[in-house]
Each structure stands twice: as C-alpha cells, then as structure tokens.
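Participant: So I've got this file, protein19.cif, and it contains mmCIF, C-alpha atoms and all ligand atoms:
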data_start
#
loop_
_atom_site.label_atom_id
_atom_site.label_comp_id
_atom_site.auth_asym_id
_atom_site.auth_seq_id
_atom_site.Cartn_x
_atom_site.Cartn_y
_atom_site.Cartn_z
CA MET L 24 14.00 -6.52 15.80
CA LYS L 25 13.29 -2.92 14.80
CA THR L 26 12.43 -0.13 17.19
CA LEU L 27 10.57 3.11 16.71
CA SER L 28 9.32 5.69 19.09
CA VAL L 29 6.05 7.48 19.75
CA ASP L 30 7.34 10.95 20.57
CA LEU L 31 5.15 12.50 23.24
CA GLY L 32 7.61 14.27 25.49
CA ALA L 33 7.55 12.76 28.98
CA ARG L 34 5.01 10.16 27.78
CA SER L 35 7.15 8.93 24.86
CA TYR L 36 7.52 5.18 24.47
CA PRO L 37 9.14 2.58 22.24
CA ILE L 38 7.47 0.19 19.80
CA TYR L 39 9.43 -3.02 19.26
CA VAL L 40 8.59 -5.00 16.13
CA GLY L 41 10.11 -8.37 15.29
CA SER L 42 10.32 -12.10 15.73
CA ALA L 43 10.52 -14.08 19.03
CA LEU L 44 10.00 -10.99 21.21
CA LEU L 45 7.73 -12.82 23.68
CA GLY L 46 10.81 -14.69 24.86
CA GLN L 47 13.01 -11.61 25.33
CA ARG L 48 13.10 -10.98 29.05
CA ASP L 49 15.22 -7.85 28.67
CA LEU L 50 12.42 -6.10 26.73
CA PHE L 51 9.94 -6.65 29.57
CA ALA L 52 12.22 -6.46 32.60
CA PRO L 53 12.51 -2.66 32.88
CA PHE L 54 8.72 -2.50 33.35
CA CYS L 55 8.42 -5.43 35.76
CA GLU L 56 11.08 -5.12 38.36
CA HIS L 57 9.59 -2.46 40.64
CA GLY L 58 6.38 -4.16 41.79
CA GLN L 59 3.65 -6.55 40.76
CA VAL L 60 2.86 -7.56 37.18
CA CYS L 61 -0.55 -8.67 35.96
CA ILE L 62 -0.98 -10.18 32.51
CA VAL L 63 -4.46 -9.63 31.08
CA THR L 64 -5.32 -11.91 28.18
CA ASP L 65 -8.30 -13.81 26.75
CA ASP L 66 -9.43 -17.40 26.42
CA LEU L 67 -8.26 -17.68 22.80
CA VAL L 68 -4.80 -16.23 23.33
CA ALA L 69 -4.05 -17.74 26.76
CA PRO L 70 -3.61 -21.33 25.53
CA LEU L 71 -1.27 -20.09 22.80
CA TYR L 72 0.99 -17.53 24.48
CA LEU L 73 0.31 -17.06 28.20
CA ASP L 74 2.62 -19.84 29.29
CA ARG L 75 5.43 -18.52 27.09
CA LEU L 76 5.16 -15.01 28.52
CA GLN L 77 4.90 -16.35 32.08
CA ARG L 78 8.12 -18.31 31.52
CA THR L 79 9.83 -15.19 30.15
CA LEU L 80 8.77 -13.28 33.27
CA ALA L 81 9.54 -16.04 35.79
CA GLY L 82 10.87 -14.60 39.03
CA PHE L 83 8.84 -11.39 38.86
CA LYS L 84 5.74 -11.01 41.07
CA LEU L 85 3.38 -12.30 38.43
CA HIS L 86 -0.41 -12.65 38.19
CA SER L 87 -2.62 -13.50 35.20
CA THR L 88 -6.28 -13.07 34.44
CA ILE L 89 -8.16 -14.47 31.45
CA LEU L 90 -11.14 -12.67 29.88
CA PRO L 91 -13.70 -13.95 27.38
CA ASN L 92 -12.61 -13.30 23.79
CA GLY L 93 -14.46 -11.07 21.35
CA GLU L 94 -15.79 -7.61 20.62
CA GLN L 95 -19.14 -8.61 22.17
CA ASN L 96 -17.31 -8.73 25.52
CA LYS L 97 -15.75 -5.26 25.37
CA HIS L 98 -18.09 -3.80 27.96
CA TRP L 99 -18.42 -2.76 31.62
CA GLN L 100 -18.84 -6.27 33.00
CA THR L 101 -15.55 -7.49 31.49
CA LEU L 102 -13.77 -4.34 32.61
CA ASP L 103 -15.08 -4.97 36.11
CA ARG L 104 -13.60 -8.47 36.01
CA ILE L 105 -10.16 -6.86 35.70
CA PHE L 106 -10.85 -4.47 38.59
CA SER L 107 -12.18 -7.31 40.77
CA PHE L 108 -9.14 -9.44 40.03
CA LEU L 109 -6.75 -6.60 40.93
CA LEU L 110 -8.63 -5.78 44.14
CA LYS L 111 -9.08 -9.40 45.26
CA ASN L 112 -5.35 -9.93 44.86
CA GLU L 113 -4.61 -6.67 46.67
CA LEU L 114 -2.59 -5.32 43.77
CA GLY L 115 -1.64 -1.71 44.30
CA ARG L 116 -0.36 1.25 42.38
CA ASP L 117 3.02 -0.43 41.89
CA THR L 118 1.33 -2.90 39.50
CA THR L 119 2.04 -2.96 35.76
CA LEU L 120 -0.64 -4.50 33.53
CA ILE L 121 0.39 -6.37 30.39
CA ALA L 122 -2.23 -6.59 27.64
CA LEU L 123 -1.51 -9.85 25.83
CA GLY L 124 -3.94 -10.22 22.95
CA GLY L 125 -5.82 -8.41 20.22
CA GLY L 126 -7.54 -5.06 20.14
CA VAL L 127 -10.26 -5.95 22.62
CA VAL L 128 -7.80 -7.07 25.30
CA GLY L 129 -5.64 -4.02 24.57
CA ASP L 130 -8.53 -1.56 24.82
CA LEU L 131 -9.92 -3.14 28.01
CA THR L 132 -6.54 -3.40 29.71
CA GLY L 133 -5.54 0.12 28.73
CA PHE L 134 -8.81 1.52 30.06
CA ALA L 135 -8.46 -0.50 33.27
CA ALA L 136 -4.91 0.87 33.66
CA ALA L 137 -6.19 4.42 33.10
CA CYS L 138 -8.82 4.07 35.84
CA TYR L 139 -7.44 1.66 38.44
CA GLN L 140 -6.38 3.60 41.52
CA ARG L 141 -6.41 6.68 39.23
CA GLY L 142 -3.84 5.23 36.86
CA ILE L 143 -1.21 2.51 36.75
CA PRO L 144 1.31 1.67 33.98
CA TYR L 145 0.65 -0.90 31.25
CA LEU L 146 2.34 -2.56 28.31
CA GLN L 147 0.75 -3.46 25.01
CA VAL L 148 1.75 -6.89 23.71
CA PRO L 149 -0.47 -7.23 20.62
CA THR L 150 -0.96 -10.67 19.07
CA THR L 151 -3.26 -9.85 16.13
CA LEU L 152 -2.38 -7.96 12.97
CA LEU L 153 -5.02 -5.33 13.71
CA ALA L 154 -3.65 -4.70 17.19
CA GLN L 155 -0.03 -4.67 15.98
CA VAL L 156 -0.63 -2.16 13.19
CA ASP L 157 -3.20 0.04 14.89
CA SER L 158 -4.95 -0.37 18.22
CA SER L 159 -1.92 -1.03 20.45
CA VAL L 160 -0.30 2.25 19.39
CA GLY L 161 -1.49 5.69 20.41
CA GLY L 162 -3.16 5.26 23.79
CA LYS L 163 -6.81 5.08 22.76
CA THR L 164 -8.49 2.86 25.32
CA ALA L 165 -12.22 2.18 25.58
CA ILE L 166 -15.18 -0.07 26.05
CA ASN L 167 -18.26 -0.20 23.85
CA HIS L 168 -21.75 0.94 24.80
CA ARG L 169 -24.93 -0.48 23.30
CA TYR L 170 -25.48 2.94 21.70
CA GLY L 171 -21.98 3.33 20.30
CA LYS L 172 -18.56 1.82 19.71
CA ASN L 173 -15.67 2.93 21.98
CA MET L 174 -17.92 5.52 23.59
CA ILE L 175 -16.53 5.19 27.12
CA GLY L 176 -12.77 5.50 27.33
CA ALA L 177 -9.62 7.50 27.89
CA PHE L 178 -6.46 8.57 26.11
CA TYR L 179 -3.83 6.75 28.15
CA GLN L 180 -0.46 5.84 26.69
CA PRO L 181 1.30 2.53 27.37
CA GLN L 182 4.90 2.27 28.60
CA ALA L 183 5.87 0.28 25.50
CA VAL L 184 4.42 -1.74 22.63
CA ILE L 185 6.04 -5.15 22.07
CA ALA L 186 4.79 -6.60 18.77
CA ASP L 187 6.03 -10.14 18.25
CA THR L 188 5.16 -10.86 14.63
CA ASP L 189 5.55 -14.63 15.20
CA THR L 190 2.17 -14.52 16.93
CA LEU L 191 0.58 -13.77 13.54
CA THR L 192 1.29 -17.36 12.45
CA THR L 193 -1.58 -18.57 14.66
CA LEU L 194 -4.03 -15.90 13.51
CA ASP L 195 -7.00 -17.22 11.51
CA THR L 196 -7.51 -16.00 7.95
CA ARG L 197 -10.51 -13.85 8.77
CA ASN L 198 -8.74 -11.93 11.54
CA PHE L 199 -5.62 -11.60 9.40
CA SER L 200 -7.69 -9.99 6.64
CA ALA L 201 -9.35 -7.72 9.19
CA GLY L 202 -5.92 -6.42 10.18
CA LEU L 203 -5.09 -5.77 6.53
CA ALA L 204 -8.04 -3.37 6.37
CA GLU L 205 -6.25 -0.99 8.76
CA VAL L 206 -3.01 -1.45 6.80
CA ILE L 207 -4.74 -0.54 3.53
CA LYS L 208 -6.30 2.40 5.35
CA TYR L 209 -2.83 3.87 6.02
CA GLY L 210 -2.02 3.70 2.31
CA MET L 211 -5.34 5.23 1.35
CA MET L 212 -5.21 8.14 3.83
CA ALA L 213 -1.51 8.95 3.96
CA ASP L 214 0.86 7.12 1.63
CA ALA L 215 0.20 6.41 -2.07
CA ASP L 216 3.54 4.60 -2.41
CA PHE L 217 2.61 2.25 0.44
CA PHE L 218 -0.76 1.62 -1.24
CA LEU L 219 1.08 0.68 -4.45
CA TRP L 220 3.47 -1.51 -2.45
CA LEU L 221 0.47 -3.30 -0.94
CA GLU L 222 -1.03 -3.86 -4.39
CA THR L 223 2.22 -5.51 -5.42
CA ASN L 224 2.72 -7.57 -2.26
CA ILE L 225 -0.77 -8.52 -1.06
CA GLN L 226 -0.47 -12.17 -2.18
CA ALA L 227 2.84 -12.63 -0.35
CA LEU L 228 1.40 -10.97 2.76
CA LEU L 229 -1.58 -13.32 2.69
CA ALA L 230 0.94 -16.18 2.47
CA HIS L 231 2.49 -14.79 5.70
CA ASP L 232 5.87 -13.91 4.19
CA ARG L 233 7.88 -13.19 7.37
CA GLU L 234 10.01 -10.36 6.05
CA LEU L 235 7.08 -8.58 4.40
CA LEU L 236 4.96 -8.94 7.53
CA ASN L 237 7.65 -7.30 9.62
CA GLN L 238 7.85 -4.51 7.05
CA VAL L 239 4.10 -3.98 6.98
CA VAL L 240 3.78 -3.84 10.78
CA TYR L 241 6.75 -1.48 11.02
CA ARG L 242 5.54 0.90 8.27
CA SER L 243 2.01 0.97 9.70
CA CYS L 244 3.35 1.76 13.20
CA GLU L 245 5.60 4.41 11.71
CA ILE L 246 2.65 6.21 10.08
CA LYS L 247 0.54 5.85 13.20
CA ALA L 248 3.32 7.05 15.53
CA GLN L 249 3.84 10.18 13.41
CA VAL L 250 0.14 11.03 13.46
CA VAL L 251 -0.21 10.39 17.20
CA ALA L 252 2.88 12.50 17.97
CA ALA L 253 1.33 15.36 15.99
CA ASP L 254 -2.15 15.08 17.53
CA GLU L 255 -2.26 12.79 20.56
CA ARG L 256 -5.79 13.66 21.70
CA GLU L 257 -7.48 14.21 18.35
CA ALA L 258 -7.48 17.96 18.85
CA ASN L 259 -6.20 19.38 15.57
CA GLY L 260 -7.76 17.14 12.92
CA GLN L 261 -4.68 15.06 12.07
CA ARG L 262 -5.51 12.02 14.18
CA GLU L 263 -9.10 12.06 12.97
CA LEU L 264 -7.76 11.06 9.55
CA LEU L 265 -6.95 7.63 11.02
CA ASN L 266 -10.72 7.27 11.22
CA LEU L 267 -11.10 6.80 7.47
CA GLY L 268 -13.96 4.31 7.00
CA HIS L 269 -14.65 4.22 10.74
CA THR L 270 -17.80 6.35 10.96
CA PHE L 271 -19.55 4.04 8.49
CA GLY L 272 -17.74 1.03 9.96
CA HIS L 273 -18.73 1.70 13.56
CA ALA L 274 -22.37 2.03 12.42
CA ILE L 275 -22.07 -1.42 10.84
CA GLU L 276 -20.59 -2.91 14.02
CA VAL L 277 -23.23 -1.43 16.31
CA GLY L 278 -26.09 -1.93 13.85
CA LEU L 279 -25.37 -5.64 13.30
CA GLY L 280 -24.39 -6.28 16.93
CA TYR L 281 -20.80 -6.27 18.19
CA GLY L 282 -18.76 -9.19 16.92
CA GLU L 283 -21.03 -9.99 13.97
CA TRP L 284 -18.62 -8.29 11.58
CA LEU L 285 -15.01 -7.89 12.72
CA HIS L 286 -13.87 -4.29 13.17
CA GLY L 287 -11.54 -4.52 10.17
CA GLU L 288 -14.31 -5.91 7.96
CA ALA L 289 -16.57 -3.02 8.89
CA VAL L 290 -13.74 -0.54 8.24
CA ALA L 291 -13.16 -2.09 4.80
CA ALA L 292 -16.79 -1.65 3.77
CA GLY L 293 -16.75 1.77 5.48
CA MET L 294 -13.75 2.89 3.42
CA MET L 295 -15.62 1.89 0.26
CA MET L 296 -18.62 3.94 1.38
CA ALA L 297 -16.43 6.96 2.19
CA SER L 298 -14.74 6.53 -1.20
CA ALA L 299 -18.07 6.28 -3.02
CA LEU L 300 -19.09 9.56 -1.41
CA SER L 301 -15.78 11.10 -2.49
CA VAL L 302 -16.39 9.94 -6.07
CA ARG L 303 -19.84 11.57 -5.98
CA MET L 304 -18.22 14.78 -4.74
CA GLY L 305 -15.52 14.67 -7.46
CA TRP L 306 -12.71 14.17 -4.92
CA LEU L 307 -11.76 10.66 -6.04
CA THR L 308 -11.84 9.15 -9.53
CA ALA L 309 -13.91 6.07 -10.31
CA ALA L 310 -10.65 4.33 -11.26
CA GLU L 311 -9.16 5.07 -7.81
CA TYR L 312 -12.35 3.79 -6.17
CA ARG L 313 -12.06 0.54 -8.16
CA ARG L 314 -8.37 0.21 -7.19
CA LEU L 315 -9.31 0.38 -3.51
CA GLY L 316 -12.11 -2.16 -4.02
CA ARG L 317 -9.81 -4.58 -5.85
CA LEU L 318 -7.14 -4.38 -3.13
CA LEU L 319 -9.66 -4.92 -0.33
CA GLU L 320 -11.23 -7.86 -2.18
CA ARG L 321 -7.82 -9.42 -2.80
CA ALA L 322 -7.17 -9.03 0.95
CA GLY L 323 -10.34 -11.06 1.61
CA LEU L 324 -12.43 -8.14 2.83
CA PRO L 325 -16.02 -7.01 2.18
CA VAL L 326 -16.49 -4.02 -0.12
CA LYS L 327 -20.22 -3.49 0.41
CA ALA L 328 -22.27 -2.63 3.47
CA PRO L 329 -24.43 -5.42 4.89
CA GLN L 330 -27.90 -5.37 3.38
CA ALA L 331 -29.50 -5.63 6.83
CA LEU L 332 -28.64 -2.00 7.59
CA THR L 333 -31.02 0.65 6.29
CA PRO L 334 -29.87 4.22 5.48
CA GLU L 335 -31.94 5.41 8.48
CA SER L 336 -30.16 3.01 10.77
CA PHE L 337 -26.77 4.14 9.41
CA MET L 338 -27.68 7.80 10.01
CA GLN L 339 -28.90 7.12 13.54
CA HIS L 340 -25.60 5.46 14.51
CA MET L 341 -23.38 7.87 12.58
CA GLN L 342 -24.97 10.88 14.27
CA ARG L 343 -23.36 9.73 17.57
CA ASP L 344 -19.88 9.66 16.03
CA LYS L 345 -17.18 11.39 18.07
CA LYS L 346 -16.36 13.69 15.15
CA VAL L 347 -19.83 15.29 15.17
CA ARG L 348 -19.64 19.02 16.02
CA ASN L 349 -22.68 21.24 16.64
CA GLY L 350 -24.85 18.37 15.50
CA ARG L 351 -23.10 18.27 12.11
CA LEU L 352 -21.65 15.03 10.85
CA ARG L 353 -17.98 15.28 9.84
CA LEU L 354 -16.48 12.51 7.76
CA VAL L 355 -12.98 11.48 6.73
CA LEU L 356 -13.14 11.39 2.93
CA PRO L 357 -10.35 10.45 0.50
CA HIS L 358 -9.02 13.03 -1.94
CA GLY L 359 -7.16 10.72 -4.29
CA ILE L 360 -5.18 7.72 -3.07
CA GLY L 361 -2.79 8.64 -0.25
CA ASN L 362 -4.69 11.69 0.92
CA ALA L 363 -7.81 12.36 3.00
CA GLU L 364 -9.63 15.23 4.68
CA VAL L 365 -12.05 15.60 7.55
CA THR L 366 -14.99 17.59 6.25
CA ASP L 367 -18.66 18.41 6.66
CA ALA L 368 -18.74 19.91 3.15
CA PHE L 369 -20.28 16.91 1.43
CA ASP L 370 -23.62 16.91 -0.24
CA ALA L 371 -26.48 15.45 1.85
CA ALA L 372 -28.03 13.87 -1.26
CA ALA L 373 -24.68 12.28 -2.17
CA LEU L 374 -24.47 10.80 1.33
CA ALA L 375 -28.06 9.54 1.08
CA ASP L 376 -27.28 7.83 -2.27
CA THR L 377 -24.16 6.29 -0.73
CA LEU L 378 -26.03 4.95 2.30
CA ALA L 379 -28.71 3.56 -0.01
CA GLY L 380 -25.98 1.70 -1.94
CA LYS L 381 -26.90 3.34 -5.26
CA PRO L 382 -24.43 2.47 -8.03
CA LEU L 383 -21.96 5.23 -8.99
N1 LIG K 401 -7.55 3.87 15.45
C1 LIG K 401 -7.57 5.28 15.30
C2 LIG K 401 -6.72 6.01 16.28
O1 LIG K 401 -6.01 5.41 17.06
O2 LIG K 401 -6.74 7.22 16.29
#
Please lay out the structure from this file as structure tokens.
Facilitator:
Amino acid sequence: MKTLSVDLGARSYPIYVGSALLGQRDLFAPFCEHGQVCIVTDDLVAPLYLDRLQRTLAGFKLHSTILPNGEQNKHWQTLDRIFSFLLKNELGRDTTLIALGGGVVGDLTGFAAACYQRGIPYLQVPTTLLAQVDSSVGGKTAINHRYGKNMIGAFYQPQAVIADTDTLTTLDTRNFSAGLAEVIKYGMMADADFFLWLETNIQALLAHDRELLNQVVYRSCEIKAQVVAADEREANGQRELLNLGHTFGHAIEVGLGYGEWLHGEAVAAGMMMASALSVRMGWLTAAEYRRLGRLLERAGLPVKAPQALTPESFMQHMQRDKKVRNGRLRLVLPHGIGNAEVTDAFDAAALADTLAGKPL
C-alpha cells in the first residue's frame, strides 16, 4: 500500500492506494469507532463488495443503504433516499458515511454528508478507475440538474480516500476506458512525461497489469492532490485546469441525456474538441493533436463528438458552465502536451468551426 496526503491544513486527509484494502480493518477503524457508520453503495457494487466491507467492519454500529446505479440517478430523488434512510434509522451527527462505489455514489454520498444535519464526516472508498483517479479526491460533491451537470453541490472534503485497486478487476471494459480518459487528461494538462509513459504502457494497463495500475492510480492522485492543495475551491485558476475537456464533455452528457455516454467518454471527446480549438489558435501542433487522438483511441475512447449534438445545442449547454464569468465562456485549452491554460482569448469563429466538427 502507498499513502499520500491532500494537504489542506485542518482538513488534510490521507489517500491510501493498494491491493486488498477493503479487508484492512485498521484503515477504517479510526473513522468508525466513535458512533454509527452507514455504507452507501449501489445495486451494481453491493453484490460485489458490500459483504466484504461489512465483514471488515463487523462489531461497529453498521448500517447500509443501496442506491440505483448510474449517472441518470445522480439527482435529488436519490439524494433524498439517503436522507430518508438516515432519518428513519435515527442516525445522528455522530454518523460517518462510507461511499462504496464509483463517482456517482461518491458524489451523492459526499453531498449528503455535506448537508445532513449541517455536515457529518464521510469516507471515499472508490471502486471504479474514474473514481480512484479523480472524483473521490478533492471534495467536489454534487448532483446533476436537467439543465446542467454537477450544478447543485458543495466542496466538502472526506476524512480519507481508501482506493483498493483489486476492485478494478471487476470493472467492465467500457468503464475502465472511461477512467483512463481522466488519467490521460492529467498527462495532457500537467505532465508530458506521464503522457509519454501512458503511450508506452497503455496496452499493459488495458490488460490490468497490477503493478502498473497501482502506479497509475497513485500518480493520478498525486497530481490531483497537488492541484487541490493549491486551489481547493477553484478560486485561483489552478483547479479549473482539471476541467480540460469537461466543458465540451458536460455538454455532451447533458445534451444526449445523462448516462448515454459515460463521463469519461464525454471527457475524451471533449479533450479532442479543446485540442482542435488549440490547434486552430496555434497553441498545439497538429502532430500533438494526433498523438492525443491515438492514445485515446488505443484506450478505447471516442475522439469525436456525437453527431446528434448540433453546435447550437453545444453552445446552449456550454454557456451554463461554472467557468463562465460576466457571460463570457472560459475554456481550458492545451498549450502543447503537458500544459494547459484557462482562457477566454480564443477566436469565436475557431470555436464555431470546432463545434461544427470541421476538419483541421
Ligand atoms: N474533477 C475536477 C475536479 O475535481 O476539480
């Protein structure tokens, strides 16, 4: 097991990455011994891992609730199921929630923890690659709204992140690839050497090489932890860089209907759109754009926006993005591989050509 820390002063917390962590009672115990514990999971993950975690936590005052799986369920009604469960069982402020699952369970549980009785502690126990490398770290919690992705939420940090990489062995190919989109994003926005490493090792990662998987989760968490420590609440521009591909990607998710494309798939196509705009602006070479496309394709990800979405529809959704200031769209755009900037200084015609899918 390897440990790193998200350094946020009094709200700092550890991230544990490694094998067989779900069975390690000593990792969980410090967060469970003072009151009640409620595991929140979903109907895909529960049959795989709920029993194991319950056995690890035997003897603590334990409750479990199971939500419906999928991005299409990340809304008020599912959040309310958590609140109802906590209230019906008379669970108080001495309760710790444990989010056992992927990004949807993590976001819902974190938001429930932020709101319930004005805030209770929670642990992130991510079981998908996307959640292990991205969404479980950094305290962004939210539900979706029909007008926009993650529009209702809170910054609320967990007590710890416990990423058992053995859980990735049961992840289906499509979800595994979706997680790789966020991994490739880190290389593209922050670390050219990591991007090169991914180009070299993508086949072995797709074959679930244990050692490489541990390395990839650890390196991704390391990059994310550094960014979050520098800009926890997205106030100085640094954390916004983690949004590379997301403004386009969120438009795809909302435009097609939540769950139609996985978040990582939408981010992959979104990164290609951001990169195409950068090429048009002279900030990225065509060769670098092709390198990104090849890596995403090798990872099993889409590199083009869905045809069903018109440029008008893209613009309508993108205009509600959380990075918009004074009505002006700001985008995270690559400047070479391993570097990105948040900017509104792109050409409107270049954006229009990109949204229309015109060839470079
Ligand atoms: N997934 C982007 C962030 O946590 O800031």
Participant: Using all atoms listed in the file, which residues of chain L come within 7 Å of ligand LIG 401 (chain K), and what is the closest atom pair for each, with the distance in Å to one decimal? Give it as CSV, sorted by chain and residue number.
Facilitator:
residue,atom,partner,partner_atom,distance
L:Asp157,CA,K:LIG401,N1,5.8
L:Ser158,CA,K:LIG401,N1,5.7
L:Val160,CA,K:LIG401,O1,6.9
L:Gly161,CA,K:LIG401,O1,5.6
L:Lys163,CA,K:LIG401,O1,5.8
L:Arg262,CA,K:LIG401,O2,5.4
L:Glu263,CA,K:LIG401,O2,6.3
L:Leu265,CA,K:LIG401,C1,4.9
L:Asn266,CA,K:LIG401,C1,5.5
Participant: Considering only C-alpha atoms, return as a list in words whatever protein or nucleic-acid residues lie within 7 Å of region 367-373 of chain L, sequence-local ones (same chain, fewer than 5 positions apart) excluded.
Facilitator: Leu300, Arg303, Met304, Leu352, Arg353 and Leu354 of chain L
Participant: Counting all atoms listed in the file, find the residues whose atoms lie at most 9 Å from (-26.5, 0.8, 5.7) (file coordinates) and write them out as an mmCIF file with C-alpha atoms, in the coordinates of the input.
Facilitator:
data_model
loop_
_atom_site.group_PDB
_atom_site.id
_atom_site.type_symbol
_atom_site.label_atom_id
_atom_site.label_comp_id
_atom_site.auth_asym_id
_atom_site.auth_seq_id
_atom_site.Cartn_x
_atom_site.Cartn_y
_atom_site.Cartn_z
ATOM 1 C CA PHE L 271 -19.550 4.040 8.490
ATOM 2 C CA ALA L 274 -22.370 2.030 12.420
ATOM 3 C CA ILE L 275 -22.070 -1.420 10.840
ATOM 4 C CA GLY L 278 -26.090 -1.930 13.850
ATOM 5 C CA ALA L 328 -22.270 -2.630 3.470
ATOM 6 C CA PRO L 329 -24.430 -5.420 4.890
ATOM 7 C CA GLN L 330 -27.900 -5.370 3.380
ATOM 8 C CA ALA L 331 -29.500 -5.630 6.830
ATOM 9 C CA LEU L 332 -28.640 -2.000 7.590
ATOM 10 C CA THR L 333 -31.020 0.650 6.290
ATOM 11 C CA PRO L 334 -29.870 4.220 5.480
ATOM 12 C CA GLU L 335 -31.940 5.410 8.480
ATOM 13 C CA SER L 336 -30.160 3.010 10.770
ATOM 14 C CA PHE L 337 -26.770 4.140 9.410
ATOM 15 C CA MET L 338 -27.680 7.800 10.010
ATOM 16 C CA THR L 377 -24.160 6.290 -0.730
ATOM 17 C CA LEU L 378 -26.030 4.950 2.300
ATOM 18 C CA ALA L 379 -28.710 3.560 -0.010
ATOM 19 C CA GLY L 380 -25.980 1.700 -1.940
#
Participant: Given all atoms listed in the file as the basis, pick out the residue of L:Val60, L:Ile185, L:Val240, L:Leu318 nearest to Ala43 (chain L).
Facilitator: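 When distances to Ala43 (chain L) are compared using all atoms listed in the file, the smallest one comes from L:Ile185.
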Participant: Do a neighbour search on region 75-79 of chain L at 9 Å with all atoms listed in the file, toss out local chain neighbours closer than 6 positions, and write the hits as a list in words.
Facilitator: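 Final neighbour list, sorted by chain and number: Leu45, Gly46, Gln47, Arg48, Phe51, Ile62, Leu85, His86, Ser87 and Leu123 of chain L.
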Participant: Using the selection just defined, write its residues with C-alpha atoms as a JSON list (two decimals), in the coordinates of the input.
Facilitator:
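And here is the file that came out, out.json:
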[["chain", "number", "residue", "atom", "x", "y", "z"],
["L", 45, "LEU", "CA", 7.73, -12.82, 23.68],
["L", 46, "GLY", "CA", 10.81, -14.69, 24.86],
["L", 47, "GLN", "CA", 13.01, -11.61, 25.33],
["L", 48, "ARG", "CA", 13.10, -10.98, 29.05],
["L", 51, "PHE", "CA", 9.94, -6.65, 29.57],
["L", 62, "ILE", "CA", -0.98, -10.18, 32.51],
["L", 85, "LEU", "CA", 3.38, -12.30, 38.43],
["L", 86, "HIS", "CA", -0.41, -12.65, 38.19],
["L", 87, "SER", "CA", -2.62, -13.50, 35.20],
["L", 123, "LEU", "CA", -1.51, -9.85, 25.83]]
Participant: Output as JSON lines one row per residue of region 255-311 of chain L within 12 Å of region 96-114 of chain L: the closest atom pair and its distance in Å to one decimal place, counting all atoms listed in the file, sorted by chain and residue number ascending.
Facilitator:
{"residue": "L:Gly280", "atom": "CA", "partner": "L:Asn96", "partner_atom": "CA", "distance": 11.4}
{"residue": "L:Tyr281", "atom": "CA", "partner": "L:Asn96", "partner_atom": "CA", "distance": 8.5}
{"residue": "L:Gly282", "atom": "CA", "partner": "L:Asn96", "partner_atom": "CA", "distance": 8.7}
Participant: So which residues are close to (-6.3, -9.4, 5.4), meaning at most 9 Å away in the file's coordinates with all atoms listed in the file counted, and can you show them as JSON, numbers by chain?
Facilitator: {"L": [152, 196, 197, 198, 199, 200, 201, 202, 203, 204, 206, 225, 228, 229, 287, 319, 321, 322, 323, 324]}
Participant: Could you check which of L:Arg314, L:His269, L:His168, L:Lys247 is closest to Gly293 (chain L), using all atoms listed in the file?
Facilitator: L:His269
Participant: With distances taken over only C-alpha atoms, which residue among L:Ile143, L:Leu67, L:Ala230, L:Leu153 lies nearest Cys244 (chain L)?
Facilitator: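 When distances to Cys244 (chain L) are compared using only C-alpha atoms, the smallest one comes from L:Leu153.
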Participant: Interatomic distance between CA of Glu94 (chain L) and CA of Glu288 (chain L)?
Facilitator: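 These two atoms are separated by 12.9 Å.
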Participant: Do a neighbour search on Arg242 (chain L) at 12 Å with all atoms listed in the file, toss out local chain neighbours closer than 4 positions, and write the hits as a short mmCIF file (atom, residue, chain, number, x, y, z; two decimals) with C-alpha atoms, in the coordinates of the input.
Facilitator:
data_model
loop_
_atom_site.label_atom_id
_atom_site.label_comp_id
_atom_site.auth_asym_id
_atom_site.auth_seq_id
_atom_site.Cartn_x
_atom_site.Cartn_y
_atom_site.Cartn_z
CA LYS L 25 13.29 -2.92 14.80
CA THR L 26 12.43 -0.13 17.19
CA LEU L 27 10.57 3.11 16.71
CA ILE L 38 7.47 0.19 19.80
CA VAL L 40 8.59 -5.00 16.13
CA GLN L 155 -0.03 -4.67 15.98
CA VAL L 156 -0.63 -2.16 13.19
CA ASP L 157 -3.20 0.04 14.89
CA GLU L 205 -6.25 -0.99 8.76
CA VAL L 206 -3.01 -1.45 6.80
CA ILE L 207 -4.74 -0.54 3.53
CA TYR L 209 -2.83 3.87 6.02
CA GLY L 210 -2.02 3.70 2.31
CA ALA L 213 -1.51 8.95 3.96
CA ASP L 214 0.86 7.12 1.63
CA ASP L 216 3.54 4.60 -2.41
CA PHE L 217 2.61 2.25 0.44
CA PHE L 218 -0.76 1.62 -1.24
CA TRP L 220 3.47 -1.51 -2.45
CA LEU L 221 0.47 -3.30 -0.94
CA LEU L 235 7.08 -8.58 4.40
CA LEU L 236 4.96 -8.94 7.53
CA ASN L 237 7.65 -7.30 9.62
CA GLN L 238 7.85 -4.51 7.05
CA ILE L 246 2.65 6.21 10.08
CA LYS L 247 0.54 5.85 13.20
CA ALA L 248 3.32 7.05 15.53
CA GLN L 249 3.84 10.18 13.41
#
Participant: Between L:Gly359, L:Glu320, L:Ala52, L:Asp344, which one has atoms that come closest to Gln226 (chain L), using all atoms listed in the file?
Facilitator: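 Counting all atoms listed in the file, the residue closest to Gln226 (chain L) is L:Glu320.
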Participant: With only C-alpha atoms as the basis for distance, which of L:Leu31, L:Met24, L:Ala299, L:Val365 is at the shortest distance from Val251 (chain L)?
Facilitator: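 Among the listed residues, the smallest separation from Val251 (chain L) belongs to L:Leu31.
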Participant: So, with only C-alpha atoms as the atoms that count, which of L:Ser301, L:Ser42, L:Thr132, L:Ser35 lies closest to Leu90 (chain L)?
Facilitator: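 Distance minimum relative to Leu90 (chain L) lands on L:Thr132.
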